Amino acid sequence: MNAPRAKPPRDLEVITTHVNADFDALASMLAAAKLYPEALLVLPGAQERNLRTFFVQSVCFLYNFAKIKQVPFERVRQLILVDTRQKDRIGALAELAEDPEVEVHAYDHHPDTDSDVKAQFQIVEPLGATVTIMSRLLRERGVSLSEDEATILALGIYEDTGSFTFVSTTPADLEAAAWLLSQGAMLSMVSSMITRELTSAEVALLHELINGAETLNISGAQVVVSQVSREAYVPEFAVLVHKFMDMENLDALFALARMEGRVYLVARSRLPEVDAGAIAKAMGGGGHPTAASATLKDLTLVEARERLTNVLRAQINPSILAQDLMTSPVITVPPETSLRETAEVLTRYNVNVLPVTQGQAVRGIITRQTVEKALYHNLGDLAVAEYMSPRVEVLHPRANLIEVEQAVVERRQRLVPVMEGGRLLGVITRTDLLNTLIENPLVTERLHDAFDSHRPLKRKNVKSLMSERFPRRVLDILQELGQVAEELGFKAYLVGGSVRDLFLRRENLDLDIVVEGDGIVFARRYGEKHARVKVRSHKKFNTAKLIFSDDLSLDVATARLEYYQSPAALPVVELSSLKLDLYRRDFTINTLAVQLNPRGFGELLDFFDGLRDIKEKAVRVLHNLSFVEDPTRVFRAVRFEQRFGFKIGKLTESLIKNAVKIDVFRGLSSRRLLNEFKQLLNEEKAVHCLLRLKELRLLVVFNQHLKLEPRDEERLRSLEEALAWHRLSFLDRPLQPWLVYYLGLSEALTQEQRDALGRRLGFSPQQRAELSSERRRAVRALNLLQREQLSASKIYFLLRSLKPEYQLLIMAVATRSWAKRAVSQYLTSLSRVRPQLDGEDLKALGFAPGPLFKKILDRLQAACLDGEVLGREQELELVRREFGGRGEKNA
């Protein structure tokens with residue numbers, strides 16, 4: 001027999017820190033190496049890029065660094081953690097933290113978390129940096145440092161305290177820095193590394209962070225949230241977030257970045273009521289109140305943003321408890337109640353879910369969906385206990401908002417009983433929680449319940465209508481797409497505006513496809529079958545675009561499948577997923593879908609009565625929180641109403657007024673606001689849109705001084721006529737209609753008010769200055785045109801340097817008929833007049849290129865416009881007569 005293999009000795013010590021190590025983490029590791037001179041230093045993952053400088057590498061070269069794969073875990077007897085205690089932040093080394101034979105020592109300045117390791121020895125103090133703790137220990141033990149070592153430790157303190165500007169900075173941090181300075185720390189090196197120049201790629205990312213920022217007002221705290229997406233990991237993301245915060249002097253900033261399939265959160269706060277560490281902890285990360293981070297797996301950027309927003313509202317409202325949210329008294333049914341009787345209770349009280357109770361004990365939950373399905377199968381006489389969901393989590397009345405959110409959202413419990421001492425005090429529903437998270441909207445009536453199975457799915461075959469309205473080639477493409485979906489086992493649908501416009505008899509080849517399956521796989525399979533079709537995919541959104549050779553393109557999106565209606569959902573999963581995808585859209589008229597698979601090609605699916613609303617010419621949102629979730633839908637509602645000659649529904653209009661009342665627009669970024677502003681002003685009925693905005697008191701969202709007085713309305717009508725004239729004249733100069741209306745809208749404002757409007761819309765200082773300069777030149781031209789009737793050449797030189805938008809503005813606001821005619825004459829004829837002679841001809845006449853060239857060509861231009869010369873020979877004669885051309889060659 002072979003003798004049993006002897007266990008290796010436990011003779012190794014390992015020092016480590018958190019993944020994505022920063023200067024504080026690395027410096028603390030080096031300090032720990034002075035206290036544990038025999039230990040291996042092991043980084044659990046990537047470190048910030050600025051740690052990989054030559055200076056840092058040269059110092060670290062002197063230390064006993066090893067890679068994880070080089071560490072024999074079975075020989076480790078002691079694990080030393082610095083700048084973290086969380087198991088889920090030390091990568092594979094968490095295995096050592098859980099090994100009962102490994103002794104754990106921890107040095108940290110972060111607050112406690114639920115995922116902290118159980119250390120046999122630890123020093124945890126609420127200081128600005130962990131290096132501060134380590135420096136004190138080194139000083140107490142009489143350990144001296146080299147200049148380079150002292151410099152790296154100083155870097156750790158300077159970085160984590162924001163050069164002693166963070167509110168987390170303590171006197172101990174300053175004392176530690178003073179001691180490091182006495183040890184030879186080189187502050188010039190610290191300064192150069194803390195304030196290093198950004199690369200062009202970093203500048204671009206910083207610019208994107210700033211442009212994408214939105215300000216949320218949560219319980220009086222101004223919190224900025226921004227998000228970016230990059231395919232590759234950007235190690236210096238935290239540095240850019242810090243720089244953004246300093247540049248804009250922000251109090252609290254939460255930045256999300258999707259990189260390499262994960263979403264990273266970097267949190268910074270200077271407000272005592274906004275605890276960055278607690279918020280990051282709720283997101284699965286950690287940190288201290290002023291700086292924290294988290295890594296989110298298996299979430300899209302949109303989902304991460306939604307979760308962050310909910311966590312922010314929950315964390316910054318710590319006083320809200322379950323007892324504040326619950327509804328009482330509670331409507332219940334006993335377990336022996338028949339399903340038919342339960343249905344009557346649900347209908348009588350207009351609720352969708354009920355607790356099943358025996359005395360005061362909660363035995364389960366029953367939903368309307370389950371009851372209706374049971375009745376459909378003739379099971380109405382059975383007891384509710386047979387089909388209730390028995391697994392119910394209950395909450396104490398003092399449970400905080402985070403605990404409520406976890407029960408309702410994470411565990412998908414539609415109703416949470418609130419109990420104390422065995423008594424049922426109340427219940428909390430999904431709507432109760434959502435109303436709290438979006439700051440208690442005043443309108444609580446639900447327009448449509450997407451998950452109510454009693455709302456029947458309406459079907460209709462519209463293949464003949466598609467054949468009538470779509471070109472044959474487009475119809476063939478749609479049928480081919482359906483065939484590809486069938487081959488892959490997917491379902492494909494034509495959705496959105498093109499389906500809506502089929503019934504409105506409006507041409508719309510802006511085609512959107514939703515696939516129940518993988519949209520990118522679907523698009524690529526179609527591209528493989530059609531070599532001339534280009535496929536562009538966007539992995540971060542799981543979308544693709546099919547680009548055809550004749551400028552036709554189709555957008556392909558994947559229907560989301562991660563959410564289900566209830567524990568007992570119908571087995572028709574494809575309808576569920578499409579329905580949920582459509583439920584996220586803005587208005588019922590945009591929720592129509594047409595199946596493309598061969599067996600159902602041309603079948604219209606109408607989940608939300610969109611076809612009825614098209615016939616009734618009504619714009620209605622899908623649910624009463626629609627404008628709270630996305631305030632820009634208000635502007636789209638006005639656009640659709642005016643474009644199609646529809647009317648915003650009464651309840652939808654009341655929701656708009658409520659949105660104005662609670663000011664849901666305050667968090668809109670300038671970029672999104674400008675986008676909606678442009679789209680609205682590019683509408684053919686832009687003036688009608690603006691008047692409707694005035695009626696709904698929405699103009700103040702852009703600027704409080706936009707009043708649209710009768711004089712302003714008259715100006716806008718004149719601009720509308722000028723734009724119509726320009727469109728019908730088929731002029732070849734490109735024009736931005738939105739800018740024409742913008743100029744007209746801002747005409748009644750003071751320069752200060754115009755600047756404020758420009759800032760609200762995100763115009764840069766350069767753009768605002770250009771608008772102001774161009775306006776002054778336009779006003780000067782208008783005054784000259786109105787003073788007297790000018791010659792053709794004077795009109796030409798007065799208007800030629802102005803952009804066409806300002807030319808149309810002059811035409812619209814001019815009060816003299818000859819001034820209006822002058823602009824019209826310039827645009828239709830004068831701007832096309834050119835002399836036959838050009839620069840080459842002038843060279844042939846013996847003139848050298850220079851300022852004289854322009855003078856001669858301008859004189860020729862004026863002569864042609866005023867009829868002084870006609871033809872080449874007369875132009876040559878004028879040049880020789882007035883400028884003394886020395887050459888006699890014919891050009």
# chains A, B, ... in the order shown; residues from 1 in each chain; ligands from 1
call {"tool": "select_by_dssp", "arguments": {"residues": "region 501-653 of chain A", "states": "strand (DSSP E or B)", "output": "PyMOL selection string"}}
result
chain A and resi 511-516+534-538+543-547+553-558+587+593-595+603-606+618-619+621+647-648
call {"tool": "write_last_selection", "arguments": {"atoms": "N, CA and C atoms", "output": "mmCIF file, in the first residue's frame"}}
result
data_model
loop_
_atom_site.group_PDB
_atom_site.id
_atom_site.type_symbol
_atom_site.label_atom_id
_atom_site.label_comp_id
_atom_site.auth_asym_id
_atom_site.auth_seq_id
_atom_site.Cartn_x
_atom_site.Cartn_y
_atom_site.Cartn_z
ATOM 1 N N LEU A 511 -38.541 51.177 -40.861
ATOM 2 C CA LEU A 511 -39.038 49.879 -40.418
ATOM 3 C C LEU A 511 -38.286 49.376 -39.195
ATOM 4 N N ASP A 512 -39.034 48.939 -38.182
ATOM 5 C CA ASP A 512 -38.462 48.381 -36.955
ATOM 6 C C ASP A 512 -38.950 46.951 -36.777
ATOM 7 N N ILE A 513 -38.009 46.046 -36.526
ATOM 8 C CA ILE A 513 -38.321 44.639 -36.332
ATOM 9 C C ILE A 513 -37.986 44.254 -34.890
ATOM 10 N N VAL A 514 -38.898 43.567 -34.220
ATOM 11 C CA VAL A 514 -38.638 43.007 -32.900
ATOM 12 C C VAL A 514 -38.594 41.490 -33.037
ATOM 13 N N VAL A 515 -37.560 40.889 -32.474
ATOM 14 C CA VAL A 515 -37.357 39.440 -32.581
ATOM 15 C C VAL A 515 -37.438 38.819 -31.198
ATOM 16 N N GLU A 516 -38.244 37.802 -31.079
ATOM 17 C CA GLU A 516 -38.236 36.993 -29.868
ATOM 18 C C GLU A 516 -37.193 35.908 -30.069
ATOM 19 N N LYS A 534 -25.609 44.952 -45.789
ATOM 20 C CA LYS A 534 -24.638 45.153 -44.712
ATOM 21 C C LYS A 534 -25.339 44.992 -43.359
ATOM 22 N N VAL A 535 -24.633 44.375 -42.419
ATOM 23 C CA VAL A 535 -25.186 44.158 -41.087
ATOM 24 C C VAL A 535 -24.302 44.870 -40.069
ATOM 25 N N ARG A 536 -24.891 45.745 -39.317
ATOM 26 C CA ARG A 536 -24.173 46.422 -38.231
ATOM 27 C C ARG A 536 -24.855 46.064 -36.919
ATOM 28 N N SER A 537 -24.090 45.489 -36.030
ATOM 29 C CA SER A 537 -24.677 45.051 -34.758
ATOM 30 C C SER A 537 -24.172 45.915 -33.607
ATOM 31 N N HIS A 538 -24.975 46.000 -32.568
ATOM 32 C CA HIS A 538 -24.645 46.769 -31.366
ATOM 33 C C HIS A 538 -24.863 45.842 -30.178
ATOM 34 N N THR A 543 -28.932 44.909 -30.483
ATOM 35 C CA THR A 543 -29.682 45.354 -31.654
ATOM 36 C C THR A 543 -28.789 45.282 -32.885
ATOM 37 N N ALA A 544 -29.418 45.415 -34.044
ATOM 38 C CA ALA A 544 -28.664 45.381 -35.297
ATOM 39 C C ALA A 544 -29.386 46.237 -36.327
ATOM 40 N N LYS A 545 -28.678 46.564 -37.382
ATOM 41 C CA LYS A 545 -29.262 47.320 -38.489
ATOM 42 C C LYS A 545 -28.924 46.600 -39.787
ATOM 43 N N LEU A 546 -29.915 46.416 -40.637
ATOM 44 C CA LEU A 546 -29.729 45.846 -41.967
ATOM 45 C C LEU A 546 -29.765 46.988 -42.964
ATOM 46 N N ILE A 547 -28.674 47.143 -43.712
ATOM 47 C CA ILE A 547 -28.559 48.258 -44.660
ATOM 48 C C ILE A 547 -28.542 47.701 -46.073
ATOM 49 N N SER A 553 -33.123 50.749 -45.000
ATOM 50 C CA SER A 553 -32.506 50.117 -43.831
ATOM 51 C C SER A 553 -33.590 49.697 -42.855
ATOM 52 N N LEU A 554 -33.303 48.659 -42.067
ATOM 53 C CA LEU A 554 -34.234 48.165 -41.061
ATOM 54 C C LEU A 554 -33.498 48.034 -39.746
ATOM 55 N N ASP A 555 -34.159 48.422 -38.665
ATOM 56 C CA ASP A 555 -33.602 48.252 -37.325
ATOM 57 C C ASP A 555 -34.165 46.979 -36.702
ATOM 58 N N VAL A 556 -33.276 46.181 -36.127
ATOM 59 C CA VAL A 556 -33.672 44.921 -35.504
ATOM 60 C C VAL A 556 -33.375 44.987 -34.015
ATOM 61 N N ALA A 557 -34.361 44.703 -33.191
ATOM 62 C CA ALA A 557 -34.179 44.704 -31.736
ATOM 63 C C ALA A 557 -34.614 43.360 -31.173
ATOM 64 N N THR A 558 -34.045 43.015 -30.033
ATOM 65 C CA THR A 558 -34.400 41.769 -29.347
ATOM 66 C C THR A 558 -35.425 42.053 -28.270
ATOM 67 N N PHE A 587 -46.907 55.388 -26.526
ATOM 68 C CA PHE A 587 -48.349 55.578 -26.655
ATOM 69 C C PHE A 587 -48.993 54.337 -27.270
ATOM 70 N N ALA A 593 -48.245 45.528 -33.611
ATOM 71 C CA ALA A 593 -47.210 44.643 -34.158
ATOM 72 C C ALA A 593 -47.821 43.751 -35.222
ATOM 73 N N VAL A 594 -47.038 43.448 -36.255
ATOM 74 C CA VAL A 594 -47.486 42.554 -37.326
ATOM 75 C C VAL A 594 -46.527 41.379 -37.397
ATOM 76 N N GLN A 595 -47.064 40.161 -37.310
ATOM 77 C CA GLN A 595 -46.224 38.971 -37.359
ATOM 78 C C GLN A 595 -45.656 38.771 -38.764
ATOM 79 N N GLU A 603 -50.479 39.065 -39.687
ATOM 80 C CA GLU A 603 -51.434 39.097 -38.581
ATOM 81 C C GLU A 603 -51.085 40.224 -37.619
ATOM 82 N N LEU A 604 -52.040 41.125 -37.428
ATOM 83 C CA LEU A 604 -51.845 42.262 -36.518
ATOM 84 C C LEU A 604 -52.126 41.821 -35.095
ATOM 85 N N LEU A 605 -51.222 42.161 -34.164
ATOM 86 C CA LEU A 605 -51.416 41.898 -32.741
ATOM 87 C C LEU A 605 -51.586 43.238 -32.034
ATOM 88 N N ASP A 606 -52.732 43.418 -31.411
ATOM 89 C CA ASP A 606 -53.069 44.684 -30.772
ATOM 90 C C ASP A 606 -53.354 44.418 -29.294
ATOM 91 N N ALA A 618 -56.936 59.413 -30.991
ATOM 92 C CA ALA A 618 -56.585 59.752 -29.607
ATOM 93 C C ALA A 618 -55.142 59.359 -29.323
ATOM 94 N N VAL A 619 -54.437 60.231 -28.608
ATOM 95 C CA VAL A 619 -53.086 59.929 -28.130
ATOM 96 C C VAL A 619 -53.200 59.610 -26.649
ATOM 97 N N VAL A 621 -51.301 57.403 -23.277
ATOM 98 C CA VAL A 621 -50.174 56.643 -22.739
ATOM 99 C C VAL A 621 -50.679 55.300 -22.238
ATOM 100 N N LYS A 647 -56.141 64.043 -30.879
ATOM 101 C CA LYS A 647 -56.375 64.778 -29.646
ATOM 102 C C LYS A 647 -55.814 63.958 -28.488
ATOM 103 N N ILE A 648 -55.043 64.619 -27.635
ATOM 104 C CA ILE A 648 -54.531 63.936 -26.437
ATOM 105 C C ILE A 648 -55.713 63.586 -25.545
#
call {"tool": "residues_around", "arguments": {"residues": "region 244-255 of chain A", "least_positions_apart": "4", "cutoff": "6 Å", "atoms": "only C-alpha atoms", "output": "list in words"}}
result
Val223, Val224, Val225, Ser226, Gln227, Leu265, Val266, Ala267, Arg268, Ser269 and Arg270 of chain A
call {"tool": "write_last_selection", "arguments": {"atoms": "N, CA and C atoms", "output": "PDB file, in the first residue's frame"}}
result
ATOM      1  N   VAL A 223     -28.295  65.222  -6.911  1.00  0.00           N
ATOM      2  CA  VAL A 223     -27.442  64.080  -7.235  1.00  0.00           C
ATOM      3  C   VAL A 223     -27.310  63.987  -8.749  1.00  0.00           C
ATOM      4  N   VAL A 224     -26.072  63.921  -9.239  1.00  0.00           N
ATOM      5  CA  VAL A 224     -25.826  63.810 -10.677  1.00  0.00           C
ATOM      6  C   VAL A 224     -25.536  62.352 -11.023  1.00  0.00           C
ATOM      7  N   VAL A 225     -26.212  61.866 -12.056  1.00  0.00           N
ATOM      8  CA  VAL A 225     -26.013  60.495 -12.535  1.00  0.00           C
ATOM      9  C   VAL A 225     -25.626  60.555 -14.008  1.00  0.00           C
ATOM     10  N   SER A 226     -24.597  59.798 -14.377  1.00  0.00           N
ATOM     11  CA  SER A 226     -24.184  59.758 -15.770  1.00  0.00           C
ATOM     12  C   SER A 226     -23.823  58.332 -16.140  1.00  0.00           C
ATOM     13  N   GLN A 227     -23.782  58.062 -17.435  1.00  0.00           N
ATOM     14  CA  GLN A 227     -23.461  56.713 -17.884  1.00  0.00           C
ATOM     15  C   GLN A 227     -22.746  56.765 -19.231  1.00  0.00           C
ATOM     16  N   LEU A 265     -19.747  50.822 -11.347  1.00  0.00           N
ATOM     17  CA  LEU A 265     -20.256  52.030 -10.701  1.00  0.00           C
ATOM     18  C   LEU A 265     -19.138  52.692  -9.919  1.00  0.00           C
ATOM     19  N   VAL A 266     -18.957  53.985 -10.128  1.00  0.00           N
ATOM     20  CA  VAL A 266     -18.042  54.787  -9.314  1.00  0.00           C
ATOM     21  C   VAL A 266     -18.876  55.882  -8.663  1.00  0.00           C
ATOM     22  N   ALA A 267     -18.816  55.955  -7.344  1.00  0.00           N
ATOM     23  CA  ALA A 267     -19.657  56.882  -6.583  1.00  0.00           C
ATOM     24  C   ALA A 267     -18.793  57.859  -5.796  1.00  0.00           C
ATOM     25  N   ARG A 268     -19.151  59.123  -5.832  1.00  0.00           N
ATOM     26  CA  ARG A 268     -18.470  60.158  -5.072  1.00  0.00           C
ATOM     27  C   ARG A 268     -19.513  61.078  -4.448  1.00  0.00           C
ATOM     28  N   SER A 269     -19.272  61.470  -3.186  1.00  0.00           N
ATOM     29  CA  SER A 269     -20.243  62.331  -2.513  1.00  0.00           C
ATOM     30  C   SER A 269     -19.553  63.248  -1.526  1.00  0.00           C
ATOM     31  N   ARG A 270     -20.030  64.491  -1.483  1.00  0.00           N
ATOM     32  CA  ARG A 270     -19.590  65.447  -0.470  1.00  0.00           C
ATOM     33  C   ARG A 270     -20.728  65.792   0.482  1.00  0.00           C
TER      34      ARG A 270
END
call {"tool": "closest_residue", "arguments": {"among": "A:Asp586, A:Ser549, A:Arg472, A:Asn597", "to": "Tyr493 (chain A)", "atoms": "only C-alpha atoms"}}
result
A:Asn597
call {"tool": "atom_distance", "arguments": {"atom1": "CA of Arg672 (chain A)", "atom2": "CA of Pro235 (chain A)"}}
result
28.4 Å
call {"tool": "select_by_dssp", "arguments": {"residues": "region 44-268 of chain A", "states": "helix (DSSP H, G or I)", "output": "number ranges by chain"}}
result
A: 49-52, 54-60, 68-70, 73-75, 87-89, 91-97, 130-140, 147-160, 171-182, 187-194, 200-211, 237-248
